[in-house]
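**Q** run.json (JSON, C-alpha atoms) pasted underneath:
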[["chain", "number", "residue", "atom", "x", "y", "z"],
["L", 903, "MET", "CA", 107.74, 145.73, 143.73],
["L", 904, "ILE", "CA", 104.01, 145.66, 144.50],
["L", 905, "CYS", "CA", 102.03, 143.00, 142.68],
["L", 906, "ILE", "CA", 98.30, 143.71, 142.48],
["L", 907, "PHE", "CA", 95.83, 140.88, 142.00],
["L", 908, "ASN", "CA", 92.82, 142.26, 140.13],
["L", 909, "PRO", "CA", 91.05, 139.23, 138.58],
["L", 910, "GLU", "CA", 88.10, 141.53, 137.74],
["L", 911, "HIS", "CA", 90.29, 142.88, 134.92],
["L", 912, "ASP", "CA", 88.33, 141.37, 132.00],
["L", 913, "LEU", "CA", 85.04, 142.66, 133.39],
["L", 914, "CYS", "CA", 86.54, 146.14, 133.60],
["L", 915, "LEU", "CA", 87.67, 145.97, 129.98],
["L", 916, "ALA", "CA", 84.21, 144.88, 128.88],
["L", 917, "ASN", "CA", 82.51, 147.72, 130.75],
["L", 918, "GLY", "CA", 84.91, 150.41, 129.57],
["L", 919, "ASN", "CA", 83.99, 152.99, 132.24],
["L", 920, "LYS", "CA", 86.81, 153.91, 134.63],
["L", 921, "HIS", "CA", 84.22, 154.37, 137.41],
["L", 922, "TYR", "CA", 82.80, 150.84, 136.95],
["L", 923, "MET", "CA", 82.26, 148.87, 140.17],
["L", 924, "PRO", "CA", 83.10, 145.16, 139.70],
["L", 925, "PRO", "CA", 80.79, 142.56, 141.27],
["L", 926, "ALA", "CA", 81.35, 141.65, 144.90],
["L", 927, "SER", "CA", 82.22, 138.05, 143.99],
["L", 928, "ALA", "CA", 85.20, 139.17, 141.89],
["L", 929, "LEU", "CA", 86.45, 141.49, 144.62],
["L", 930, "ALA", "CA", 86.05, 138.73, 147.23],
["L", 931, "PHE", "CA", 88.11, 136.37, 145.08],
["L", 932, "ALA", "CA", 90.82, 139.03, 144.79],
["L", 933, "ALA", "CA", 90.83, 139.66, 148.54],
["L", 934, "SER", "CA", 91.09, 135.98, 149.44],
["L", 935, "SER", "CA", 93.45, 134.77, 146.72],
["L", 936, "TYR", "CA", 96.05, 137.45, 146.03],
["L", 937, "GLY", "CA", 98.72, 135.12, 147.42],
["L", 938, "LEU", "CA", 98.86, 133.21, 144.15],
["L", 939, "MET", "CA", 100.83, 136.15, 142.70],
["L", 940, "HIS", "CA", 103.75, 134.99, 144.84],
["L", 941, "CYS", "CA", 104.16, 132.07, 142.47],
["L", 942, "LEU", "CA", 105.04, 134.56, 139.74],
["L", 943, "TYR", "CA", 106.85, 137.10, 141.95],
["L", 944, "PRO", "CA", 108.02, 135.29, 145.12],
["L", 945, "LEU", "CA", 109.87, 138.28, 146.62],
["L", 946, "ALA", "CA", 107.23, 140.93, 145.92],
["L", 947, "ASP", "CA", 104.53, 142.42, 148.13],
["L", 948, "CYS", "CA", 101.32, 140.94, 146.72],
["L", 949, "VAL", "CA", 97.96, 142.56, 147.46],
["L", 950, "PRO", "CA", 94.45, 142.97, 146.07],
["L", 951, "THR", "CA", 93.68, 146.33, 144.47],
["L", 952, "ALA", "CA", 92.01, 147.73, 147.58],
["L", 953, "ASN", "CA", 95.19, 147.41, 149.69],
["L", 954, "ALA", "CA", 97.75, 148.68, 147.20],
["L", 955, "GLY", "CA", 97.82, 152.18, 148.69],
["L", 956, "ASP", "CA", 98.57, 150.95, 152.21],
["L", 957, "VAL", "CA", 101.45, 148.79, 151.02],
["L", 958, "TYR", "CA", 102.86, 151.56, 148.82],
["L", 959, "ARG", "CA", 102.89, 154.03, 151.70],
["L", 960, "SER", "CA", 104.57, 151.52, 154.00],
["L", 961, "THR", "CA", 107.25, 150.36, 151.53],
["L", 962, "GLY", "CA", 107.77, 153.35, 149.25],
["L", 963, "ASP", "CA", 108.22, 150.85, 146.43],
["L", 964, "GLY", "CA", 107.88, 152.48, 143.03],
["L", 965, "GLN", "CA", 107.09, 149.55, 140.75],
["L", 966, "LEU", "CA", 103.51, 148.33, 140.22],
["L", 967, "VAL", "CA", 102.78, 144.99, 138.55],
["L", 968, "PRO", "CA", 99.06, 144.18, 138.33],
["L", 969, "TRP", "CA", 97.33, 141.07, 137.03],
["L", 970, "GLY", "CA", 96.25, 143.32, 134.17],
["L", 971, "TRP", "CA", 96.19, 147.08, 133.52],
["L", 972, "ASN", "CA", 92.88, 148.83, 132.88],
["L", 973, "ALA", "CA", 91.28, 152.22, 133.50],
["L", 974, "VAL", "CA", 89.31, 151.02, 136.55],
["L", 975, "LEU", "CA", 92.47, 149.84, 138.29],
["L", 976, "LYS", "CA", 94.23, 153.10, 137.52],
["L", 977, "GLN", "CA", 91.33, 155.14, 138.89],
["L", 978, "SER", "CA", 91.32, 153.07, 142.09],
["L", 979, "LEU", "CA", 95.07, 153.51, 142.60],
["L", 980, "LEU", "CA", 94.84, 157.26, 142.04],
["L", 981, "ARG", "CA", 92.07, 157.48, 144.66],
["L", 982, "GLN", "CA", 94.37, 155.68, 147.08],
["L", 983, "GLY", "CA", 97.02, 158.35, 146.56],
["L", 984, "LEU", "CA", 99.49, 156.48, 144.35],
["L", 985, "PRO", "CA", 101.34, 158.78, 141.91],
["L", 986, "GLU", "CA", 100.17, 158.72, 138.32],
["L", 987, "HIS", "CA", 103.67, 158.44, 136.86],
["L", 988, "LEU", "CA", 103.79, 154.82, 138.09],
["L", 989, "MET", "CA", 100.92, 153.92, 135.76],
["L", 990, "PRO", "CA", 100.39, 153.74, 132.00],
["L", 991, "SER", "CA", 98.85, 156.84, 130.44],
["L", 992, "ASP", "CA", 95.16, 156.93, 129.60],
["L", 993, "GLY", "CA", 96.07, 156.73, 125.92],
["L", 994, "ILE", "CA", 98.15, 153.60, 126.39],
["L", 995, "LEU", "CA", 95.42, 151.94, 128.46],
["L", 996, "ASP", "CA", 92.87, 152.70, 125.76],
["L", 997, "ARG", "CA", 95.18, 151.27, 123.08],
["L", 998, "TRP", "CA", 95.69, 148.07, 125.08],
["L", 999, "ARG", "CA", 91.93, 147.75, 125.53],
["L", 1000, "GLN", "CA", 91.33, 148.21, 121.80],
["L", 1001, "MET", "CA", 93.95, 145.56, 121.05],
["L", 1002, "GLN", "CA", 91.90, 143.07, 123.08],
["L", 1003, "HIS", "CA", 88.75, 143.68, 121.05],
["L", 1004, "ARG", "CA", 88.16, 140.30, 119.46],
["L", 1005, "THR", "CA", 88.28, 141.76, 115.94],
["L", 1006, "THR", "CA", 92.04, 142.22, 116.42],
["L", 1007, "LEU", "CA", 92.52, 138.44, 116.27],
["L", 1008, "LEU", "CA", 90.33, 137.80, 113.23],
["L", 1009, "PRO", "CA", 93.31, 137.58, 110.80],
["L", 1010, "LEU", "CA", 94.25, 134.37, 112.66],
["L", 1011, "GLN", "CA", 90.67, 133.03, 112.73],
["L", 1012, "PRO", "CA", 89.64, 132.24, 109.15],
["L", 1013, "ASP", "CA", 86.38, 130.58, 110.24],
["L", 1014, "SER", "CA", 85.18, 133.49, 112.40],
["L", 1015, "ARG", "CA", 83.72, 136.84, 111.40],
["L", 1016, "ALA", "CA", 82.45, 140.10, 112.86],
["L", 1017, "VAL", "CA", 78.67, 140.46, 112.59],
["L", 1018, "THR", "CA", 76.46, 143.49, 113.19],
["L", 1019, "SER", "CA", 72.97, 142.26, 112.26],
["L", 1020, "VAL", "CA", 70.57, 139.36, 112.68],
["L", 1021, "ALA", "CA", 70.74, 138.75, 108.92],
["L", 1022, "GLU", "CA", 74.52, 138.26, 109.07],
["L", 1023, "VAL", "CA", 74.19, 135.79, 111.94],
["L", 1024, "GLU", "CA", 71.47, 133.84, 110.13],
["L", 1025, "SER", "CA", 73.71, 133.66, 107.06],
["L", 1026, "PHE", "CA", 76.50, 132.30, 109.26],
["L", 1027, "LEU", "CA", 74.07, 129.78, 110.79],
["L", 1028, "SER", "CA", 73.23, 128.45, 107.35],
["L", 1029, "GLN", "CA", 76.87, 127.33, 107.08],
["L", 1030, "HIS", "CA", 77.50, 126.49, 110.76],
["L", 1031, "PRO", "CA", 74.25, 125.32, 112.44],
["L", 1032, "ASP", "CA", 76.07, 125.02, 115.78],
["L", 1033, "MET", "CA", 77.87, 128.24, 116.57],
["L", 1034, "VAL", "CA", 78.83, 130.64, 119.33],
["L", 1035, "LEU", "CA", 78.37, 134.39, 119.44],
["L", 1036, "LYS", "CA", 81.01, 136.27, 121.42],
["L", 1037, "ALA", "CA", 81.02, 139.79, 122.77],
["L", 1038, "PRO", "CA", 84.26, 141.47, 121.60],
["L", 1039, "TRP", "CA", 85.20, 142.28, 125.19],
["L", 1040, "SER", "CA", 84.29, 139.60, 127.70],
["L", 1041, "GLY", "CA", 85.85, 137.24, 130.18],
["L", 1042, "SER", "CA", 85.36, 134.31, 132.53],
["L", 1043, "GLY", "CA", 82.83, 132.75, 130.18],
["L", 1044, "ARG", "CA", 80.63, 135.84, 130.17],
["L", 1045, "GLY", "CA", 79.66, 137.37, 126.87],
["L", 1046, "LEU", "CA", 79.07, 134.04, 125.10],
["L", 1047, "ARG", "CA", 75.85, 132.84, 123.44],
["L", 1048, "TRP", "CA", 75.61, 129.26, 122.24],
["L", 1049, "VAL", "CA", 73.30, 129.03, 119.22],
["L", 1050, "SER", "CA", 71.95, 125.93, 117.50],
["L", 1051, "HIS", "CA", 70.16, 126.25, 114.12],
["L", 1052, "ALA", "CA", 68.19, 129.43, 114.94],
["L", 1053, "LEU", "CA", 68.39, 132.61, 117.01],
["L", 1054, "SER", "CA", 66.04, 132.90, 119.96],
["L", 1055, "ASP", "CA", 64.42, 136.19, 120.93],
["L", 1056, "HIS", "CA", 66.94, 136.42, 123.78],
["L", 1057, "ASP", "CA", 69.81, 135.90, 121.31],
["L", 1058, "ARG", "CA", 68.46, 138.69, 119.10],
["L", 1059, "GLY", "CA", 68.15, 141.08, 122.02],
["L", 1060, "TRP", "CA", 71.64, 140.20, 123.21],
["L", 1061, "LEU", "CA", 73.05, 140.80, 119.73],
["L", 1062, "VAL", "CA", 71.47, 144.23, 119.41],
["L", 1063, "LYS", "CA", 72.80, 145.27, 122.82],
["L", 1064, "VAL", "CA", 76.34, 144.01, 122.19],
["L", 1065, "VAL", "CA", 76.56, 145.63, 118.74],
["L", 1066, "LYS", "CA", 75.39, 148.94, 120.24],
["L", 1067, "GLU", "CA", 77.92, 148.83, 123.08],
["L", 1068, "GLN", "CA", 80.90, 147.07, 121.46],
["L", 1069, "ARG", "CA", 80.52, 147.78, 117.71],
["L", 1070, "CYS", "CA", 79.88, 144.16, 116.64],
["L", 1071, "ALA", "CA", 79.77, 140.56, 117.82],
["L", 1072, "ILE", "CA", 81.98, 137.67, 116.73],
["L", 1073, "ALA", "CA", 80.39, 134.63, 115.08],
["L", 1074, "GLU", "CA", 82.38, 131.42, 115.37],
["L", 1075, "PRO", "CA", 81.67, 127.73, 114.66],
["L", 1076, "ARG", "CA", 81.19, 125.65, 117.77],
["L", 1077, "TRP", "CA", 84.13, 123.30, 117.81],
["L", 1078, "SER", "CA", 83.98, 119.88, 119.45],
["L", 1079, "VAL", "CA", 86.81, 120.51, 121.89],
["L", 1080, "GLN", "CA", 89.30, 117.80, 122.72],
["L", 1081, "TYR", "CA", 91.87, 120.00, 124.45],
["L", 1082, "ASP", "CA", 92.07, 123.63, 125.57],
["L", 1083, "TYR", "CA", 95.60, 124.94, 125.80],
["L", 1084, "ALA", "CA", 97.48, 128.23, 125.77],
["L", 1085, "LEU", "CA", 100.81, 129.67, 124.73],
["L", 1086, "GLU", "CA", 102.25, 131.97, 127.40],
["L", 1087, "TYR", "CA", 104.53, 134.89, 126.53],
["L", 1088, "MET", "CA", 106.26, 137.91, 128.00],
["L", 1089, "VAL", "CA", 106.87, 141.16, 126.11],
["L", 1090, "ASP", "CA", 109.62, 143.49, 127.34],
["L", 1091, "GLY", "CA", 112.43, 145.64, 125.98],
["L", 1092, "ASN", "CA", 113.94, 142.58, 124.34],
["L", 1093, "GLY", "CA", 110.77, 141.82, 122.40],
["L", 1094, "LEU", "CA", 108.64, 138.66, 122.56],
["L", 1095, "SER", "CA", 109.75, 135.78, 124.79],
["L", 1096, "PHE", "CA", 108.03, 132.39, 124.87],
["L", 1097, "VAL", "CA", 107.44, 131.25, 128.47],
["L", 1098, "GLY", "CA", 105.74, 127.92, 127.86],
["L", 1099, "LEU", "CA", 102.53, 126.00, 127.32],
["L", 1100, "SER", "CA", 99.58, 125.49, 129.65],
["L", 1101, "LEU", "CA", 96.73, 123.00, 129.45],
["L", 1102, "PHE", "CA", 93.35, 123.90, 130.92],
["L", 1103, "GLU", "CA", 89.82, 122.55, 131.24],
["L", 1104, "SER", "CA", 86.63, 124.48, 130.56],
["L", 1105, "ALA", "CA", 82.89, 123.91, 130.38],
["L", 1106, "ASN", "CA", 80.88, 125.84, 127.76],
["L", 1107, "GLY", "CA", 83.63, 128.40, 127.50],
["L", 1108, "VAL", "CA", 84.01, 128.84, 131.27],
["L", 1109, "TYR", "CA", 87.50, 128.17, 132.64],
["L", 1110, "ARG", "CA", 87.58, 125.54, 135.41],
["L", 1111, "CYS", "CA", 91.16, 124.53, 136.11],
["L", 1112, "ASN", "CA", 94.63, 123.90, 134.76],
["L", 1113, "ARG", "CA", 96.24, 120.51, 134.42],
["L", 1114, "LEU", "CA", 99.86, 120.67, 135.51],
["L", 1115, "LEU", "CA", 101.93, 119.09, 132.75],
["L", 1116, "SER", "CA", 105.33, 119.90, 131.29],
["L", 1117, "ASP", "CA", 105.60, 121.66, 127.95],
["L", 1118, "GLU", "CA", 106.77, 118.46, 126.28],
["L", 1119, "ALA", "CA", 103.89, 116.46, 127.76],
["L", 1120, "ILE", "CA", 101.40, 119.05, 126.49],
["L", 1121, "ARG", "CA", 102.99, 119.03, 123.01],
["L", 1122, "GLN", "CA", 102.67, 115.27, 122.80],
["L", 1123, "LEU", "CA", 99.12, 115.25, 124.15],
["L", 1124, "VAL", "CA", 97.63, 117.91, 121.88],
["L", 1125, "GLY", "CA", 99.78, 117.26, 118.81],
["L", 1126, "PHE", "CA", 100.94, 120.85, 118.91],
["L", 1127, "PRO", "CA", 101.83, 122.04, 115.36],
["L", 1128, "SER", "CA", 105.03, 124.08, 115.09],
["L", 1129, "THR", "CA", 103.59, 125.98, 112.12],
["L", 1130, "LEU", "CA", 100.85, 127.39, 114.37],
["L", 1131, "ARG", "CA", 103.41, 128.85, 116.75],
["L", 1132, "LEU", "CA", 105.43, 130.36, 113.90],
["L", 1133, "THR", "CA", 102.33, 131.98, 112.38],
["L", 1134, "LEU", "CA", 101.14, 133.25, 115.76],
["L", 1135, "GLU", "CA", 104.49, 134.69, 116.81],
["L", 1136, "SER", "CA", 104.96, 136.46, 113.50],
["L", 1137, "TRP", "CA", 101.56, 138.09, 113.98],
["L", 1138, "LEU", "CA", 102.32, 139.00, 117.61],
["L", 1139, "ILE", "CA", 105.64, 140.60, 116.68],
["L", 1140, "ASN", "CA", 104.00, 142.74, 114.01],
["L", 1141, "THR", "CA", 100.68, 143.56, 115.70],
["L", 1142, "ILE", "CA", 101.10, 143.44, 119.49],
["L", 1143, "VAL", "CA", 104.76, 143.80, 120.46],
["L", 1144, "PRO", "CA", 105.25, 147.36, 119.09],
["L", 1145, "HIS", "CA", 102.43, 148.66, 121.31],
["L", 1146, "TYR", "CA", 102.44, 146.50, 124.46],
["L", 1147, "HIS", "CA", 104.71, 145.32, 127.24],
["L", 1148, "GLY", "CA", 103.91, 142.72, 129.88],
["L", 1149, "PRO", "CA", 102.60, 139.16, 130.01],
["L", 1150, "LEU", "CA", 100.18, 137.75, 127.47],
["L", 1151, "GLY", "CA", 98.48, 134.43, 126.81],
["L", 1152, "VAL", "CA", 96.94, 133.05, 123.63],
["L", 1153, "ASP", "CA", 94.21, 130.44, 124.10],
["L", 1154, "CYS", "CA", 93.90, 127.67, 121.52],
["L", 1155, "ILE", "CA", 91.63, 124.70, 120.85],
["L", 1156, "CYS", "CA", 92.45, 121.26, 119.52],
["L", 1157, "ASP", "CA", 89.18, 119.76, 118.24],
["L", 1158, "VAL", "CA", 88.23, 116.09, 118.08],
["L", 1159, "ASP", "CA", 89.44, 115.90, 114.48],
["L", 1160, "GLY", "CA", 92.90, 117.10, 115.51],
["L", 1161, "HIS", "CA", 92.52, 120.58, 114.00],
["L", 1162, "HIS", "CA", 93.89, 123.55, 115.94],
["L", 1163, "HIS", "CA", 92.14, 126.92, 116.32],
["L", 1164, "ILE", "CA", 93.33, 130.15, 117.92],
["L", 1165, "SER", "CA", 90.59, 131.26, 120.31],
["L", 1166, "GLU", "CA", 91.58, 134.48, 122.08],
["L", 1167, "ILE", "CA", 94.39, 136.68, 123.32],
["L", 1168, "ASN", "CA", 94.76, 138.04, 126.86],
["L", 1169, "LEU", "CA", 97.09, 140.98, 127.46],
["L", 1170, "ARG", "CA", 97.57, 140.23, 131.15],
["L", 1171, "HIS", "CA", 98.77, 137.50, 133.48],
["L", 1172, "THR", "CA", 96.86, 134.23, 133.16],
["L", 1173, "MET", "CA", 96.06, 131.26, 135.35],
["L", 1174, "GLY", "CA", 97.97, 129.20, 132.80],
["L", 1175, "LEU", "CA", 101.09, 131.25, 133.52],
["L", 1176, "VAL", "CA", 100.59, 130.76, 137.26],
["L", 1177, "ALA", "CA", 100.13, 127.02, 136.78],
["L", 1178, "HIS", "CA", 103.20, 126.82, 134.53],
["L", 1179, "GLU", "CA", 105.36, 128.60, 137.09],
["L", 1180, "TYR", "CA", 103.95, 126.55, 139.97],
["L", 1181, "LEU", "CA", 104.95, 123.33, 138.22],
["L", 1182, "ARG", "CA", 108.42, 124.74, 137.54],
["L", 1183, "TRP", "CA", 108.94, 125.29, 141.27],
["L", 1184, "HIS", "CA", 107.07, 122.13, 142.34],
["L", 1185, "PRO", "CA", 107.81, 119.33, 139.83],
["L", 1186, "ASP", "CA", 106.23, 116.81, 142.23],
["L", 1187, "ALA", "CA", 102.86, 118.35, 141.29],
["L", 1188, "GLU", "CA", 103.05, 116.87, 137.78],
["L", 1189, "ASP", "CA", 99.60, 115.81, 136.49],
["L", 1190, "SER", "CA", 97.68, 117.35, 139.38],
["L", 1191, "ARG", "CA", 94.98, 119.97, 138.77],
["L", 1192, "PHE", "CA", 95.03, 123.62, 139.77],
["L", 1193, "PHE", "CA", 91.57, 124.99, 140.74],
["L", 1194, "PRO", "CA", 91.71, 128.76, 141.32],
["L", 1195, "MET", "CA", 88.24, 128.93, 142.85],
["L", 1196, "ASP", "CA", 89.49, 126.76, 145.71],
["L", 1197, "PHE", "CA", 91.43, 129.86, 146.71],
["L", 1198, "MET", "CA", 88.18, 131.24, 148.10],
["L", 1199, "ASN", "CA", 88.54, 128.85, 151.03],
["L", 1200, "GLN", "CA", 90.72, 130.62, 153.58],
["L", 1201, "GLU", "CA", 90.45, 127.72, 156.04],
["L", 1202, "THR", "CA", 92.37, 125.32, 153.79],
["L", 1203, "THR", "CA", 95.31, 123.73, 155.53],
["L", 1204, "LYS", "CA", 98.62, 124.26, 153.78],
["L", 1205, "LYS", "CA", 99.79, 121.01, 152.17],
["L", 1206, "SER", "CA", 102.40, 119.96, 149.66],
["L", 1207, "VAL", "CA", 101.18, 118.48, 146.40],
["L", 1208, "ILE", "CA", 102.34, 114.88, 146.55],
["L", 1209, "SER", "CA", 99.79, 112.90, 144.54],
["L", 1210, "LYS", "CA", 98.11, 113.18, 141.16],
["L", 1211, "LYS", "CA", 94.67, 113.67, 142.69],
["L", 1212, "LYS", "CA", 95.42, 116.53, 145.06],
["L", 1213, "ARG", "CA", 94.33, 120.06, 144.29],
["L", 1214, "ILE", "CA", 96.44, 123.18, 144.62],
["L", 1215, "PHE", "CA", 95.07, 125.59, 147.21],
["L", 1216, "ALA", "CA", 95.49, 129.28, 147.87],
["L", 1217, "SER", "CA", 97.46, 128.71, 151.03],
["L", 1218, "ASP", "CA", 100.17, 126.96, 149.02],
["L", 1219, "PHE", "CA", 101.06, 130.38, 147.63],
["L", 1220, "MET", "CA", 100.91, 132.36, 150.88],
["L", 1221, "ARG", "CA", 104.19, 133.16, 152.56],
["L", 1222, "GLU", "CA", 104.63, 131.89, 156.10]]
Can you dump the structure from the file as structure tokens?

**A**
Amino acid sequence: MICIFNPEHDLCLANGNKHYMPPASALAFAASSYGLMHCLYPLADCVPTANAGDVYRSTGDGQLVPWGWNAVLKQSLLRQGLPEHLMPSDGILDRWRQMQHRTTLLPLQPDSRAVTSVAEVESFLSQHPDMVLKAPWSGSGRGLRWVSHALSDHDRGWLVKVVKEQRCAIAEPRWSVQYDYALEYMVDGNGLSFVGLSLFESANGVYRCNRLLSDEAIRQLVGFPSTLRLTLESWLINTIVPHYHGPLGVDCICDVDGHHHISEINLRHTMGLVAHEYLRWHPDAEDSRFFPMDFMNQETTKKSVISKKKRIFASDFMRE
């Protein structure tokens, strides 16, 4: 098995062109931090996208497991000489991309709506003076516009561009967030399997880190409602499972009033899944924080996580 770390996945989905070149910062993160995939697949050969061809030719291994499948990754692997039969078809990749358009999730988001004009946004603002506009395909905090009471000229220009490129934008009330958490799943031939919960921290929609807590600790902390999981899983089984296989994560918000909101779905591996699996293998890391961007530091000395204040570093995932 060859596991490919391509954290630029969401940017590739948003662009939509198989010849898209991700920013250098995303590729540098992939090159320095691919070792974290060993937490999910400890016996696999884990590489960034750029080195997949070399490993394939040296091992002859016929199974590819990327962070997330997209047309840009497929094009890169084909250029490196990997056979196309190891990859999803173009039609399947397009279907998976369409499933991650934010409009797919609207049936589970009664307070959100798709908007295509300034007038529709202003109408939404009259009911929700503090709101966020989201591009239907976006990631890592990109594609978000925080709006208070009125649209600026920049907001209007952004809206026109997004509607032209991605069919619409999503208008959503700005919740006062108490907790960000996610439900992690795997979809395979046996259907939908619940892996566990993850708790993460963000700033203005930008992911920062995961807090390593057990599922039960997260349930108690956020007041996780069982009805939410039942509703979500019924929707996943009917909408996603018939057309997708692989890992997926559903991000949720618990606001300061104790209300829960489904925020987004990711048809790929997630940092929450990595954090969940890390804690499973390293229970002594309970209540520490997992900062993926620390993986950029290749000079970090390998250490065990033995206190609540220590961070988890890239080298903790690298094989000796």

**Q** Could you give me, as a short mmCIF file (atom, residue, chain, number, x, y, z; two decimals) with C-alpha atoms, in the frame of the given file, the residues within 8 Å of stretch 1169-1183 of chain L, counting only C-alpha atoms and dropping anything in the same chain fewer than 5 positions from it?

**A**
data_model
loop_
_atom_site.label_atom_id
_atom_site.label_comp_id
_atom_site.auth_asym_id
_atom_site.auth_seq_id
_atom_site.Cartn_x
_atom_site.Cartn_y
_atom_site.Cartn_z
CA LEU L 938 98.86 133.21 144.15
CA MET L 939 100.83 136.15 142.70
CA CYS L 941 104.16 132.07 142.47
CA LEU L 942 105.04 134.56 139.74
CA TRP L 969 97.33 141.07 137.03
CA GLY L 970 96.25 143.32 134.17
CA TRP L 971 96.19 147.08 133.52
CA TRP L 998 95.69 148.07 125.08
CA GLN L 1002 91.90 143.07 123.08
CA ALA L 1084 97.48 128.23 125.77
CA GLU L 1086 102.25 131.97 127.40
CA GLY L 1098 105.74 127.92 127.86
CA LEU L 1099 102.53 126.00 127.32
CA SER L 1100 99.58 125.49 129.65
CA LEU L 1101 96.73 123.00 129.45
CA PHE L 1102 93.35 123.90 130.92
CA ASN L 1112 94.63 123.90 134.76
CA ARG L 1113 96.24 120.51 134.42
CA LEU L 1114 99.86 120.67 135.51
CA LEU L 1115 101.93 119.09 132.75
CA SER L 1116 105.33 119.90 131.29
CA GLY L 1148 103.91 142.72 129.88
CA PRO L 1149 102.60 139.16 130.01
CA LEU L 1150 100.18 137.75 127.47
CA GLY L 1151 98.48 134.43 126.81
CA GLU L 1188 103.05 116.87 137.78
CA PHE L 1192 95.03 123.62 139.77
CA PRO L 1194 91.71 128.76 141.32
#

**Q** Mind checking which residues fall within 10 Å of L:Gly1093, counting all atoms listed in the file, ignoring those fewer than 3 positions away in the same chain, and posting them as a list of chain:residue names?

**A**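 Counting all atoms listed in the file, the residues come to L:Met1088, L:Val1089, L:Asp1090, L:Ile1139, L:Val1143, L:Pro1144, L:Tyr1146, L:His1147.
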
**Q** Do you have, as a tab-separated table, the list of residues of stretch 1004-1096 of chain L lying at most 10 Å from stretch 918-937 of chain L, each with its nearest atom pair and that distance in Å to one decimal, counting only C-alpha atoms and ordered by chain then number?

**A**
residue	atom	partner	partner_atom	distance
L:Trp1039	CA	L:Gly918	CA	9.2
L:Glu1067	CA	L:Gly918	CA	9.7
L:Gln1068	CA	L:Gly918	CA	9.6

**Q** Find the residues near L:Val1158: any atom within 12 Å, counting only C-alpha atoms, skip ones fewer than 4 places away on the same chain, and give them as a PyMOL selection string.

**A** chain L and resi 1076-1082+1124-1125+1162-1163

**Q** Mind checking which residues fall within 10 Å of stretch 1004-1021 of chain L, counting only C-alpha atoms, ignoring those fewer than 5 positions away in the same chain, and posting them as a ChimeraX atom specification?

**A** /L:1026-1027,1030,1033-1040,1053,1057-1059,1061-1062,1064-1066,1069-1075,1130,1133-1134,1137-1138,1141-1142,1163-1167

**Q** Filtering to C-alpha atoms, could you give me those residues as a JSON list (two decimals), in the coordinates of the input?

**A**
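Generated output (again_7.json):
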[["chain", "number", "residue", "atom", "x", "y", "z"],
["L", 1026, "PHE", "CA", 76.50, 132.30, 109.26],
["L", 1027, "LEU", "CA", 74.07, 129.78, 110.79],
["L", 1030, "HIS", "CA", 77.50, 126.49, 110.76],
["L", 1033, "MET", "CA", 77.87, 128.24, 116.57],
["L", 1034, "VAL", "CA", 78.83, 130.64, 119.33],
["L", 1035, "LEU", "CA", 78.37, 134.39, 119.44],
["L", 1036, "LYS", "CA", 81.01, 136.27, 121.42],
["L", 1037, "ALA", "CA", 81.02, 139.79, 122.77],
["L", 1038, "PRO", "CA", 84.26, 141.47, 121.60],
["L", 1039, "TRP", "CA", 85.20, 142.28, 125.19],
["L", 1040, "SER", "CA", 84.29, 139.60, 127.70],
["L", 1053, "LEU", "CA", 68.39, 132.61, 117.01],
["L", 1057, "ASP", "CA", 69.81, 135.90, 121.31],
["L", 1058, "ARG", "CA", 68.46, 138.69, 119.10],
["L", 1059, "GLY", "CA", 68.15, 141.08, 122.02],
["L", 1061, "LEU", "CA", 73.05, 140.80, 119.73],
["L", 1062, "VAL", "CA", 71.47, 144.23, 119.41],
["L", 1064, "VAL", "CA", 76.34, 144.01, 122.19],
["L", 1065, "VAL", "CA", 76.56, 145.63, 118.74],
["L", 1066, "LYS", "CA", 75.39, 148.94, 120.24],
["L", 1069, "ARG", "CA", 80.52, 147.78, 117.71],
["L", 1070, "CYS", "CA", 79.88, 144.16, 116.64],
["L", 1071, "ALA", "CA", 79.77, 140.56, 117.82],
["L", 1072, "ILE", "CA", 81.98, 137.67, 116.73],
["L", 1073, "ALA", "CA", 80.39, 134.63, 115.08],
["L", 1074, "GLU", "CA", 82.38, 131.42, 115.37],
["L", 1075, "PRO", "CA", 81.67, 127.73, 114.66],
["L", 1130, "LEU", "CA", 100.85, 127.39, 114.37],
["L", 1133, "THR", "CA", 102.33, 131.98, 112.38],
["L", 1134, "LEU", "CA", 101.14, 133.25, 115.76],
["L", 1137, "TRP", "CA", 101.56, 138.09, 113.98],
["L", 1138, "LEU", "CA", 102.32, 139.00, 117.61],
["L", 1141, "THR", "CA", 100.68, 143.56, 115.70],
["L", 1142, "ILE", "CA", 101.10, 143.44, 119.49],
["L", 1163, "HIS", "CA", 92.14, 126.92, 116.32],
["L", 1164, "ILE", "CA", 93.33, 130.15, 117.92],
["L", 1165, "SER", "CA", 90.59, 131.26, 120.31],
["L", 1166, "GLU", "CA", 91.58, 134.48, 122.08],
["L", 1167, "ILE", "CA", 94.39, 136.68, 123.32]]

**Q** Check the smallest atom-to-atom distance from each of L:Asp963, L:Pro909, L:Leu988, L:Cys1111 to L:Pro950 using all atoms listed in the file, then report the winner.

**A**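 Once distances to L:Pro950 are computed over all atoms listed in the file, the minimum belongs to L:Pro909.
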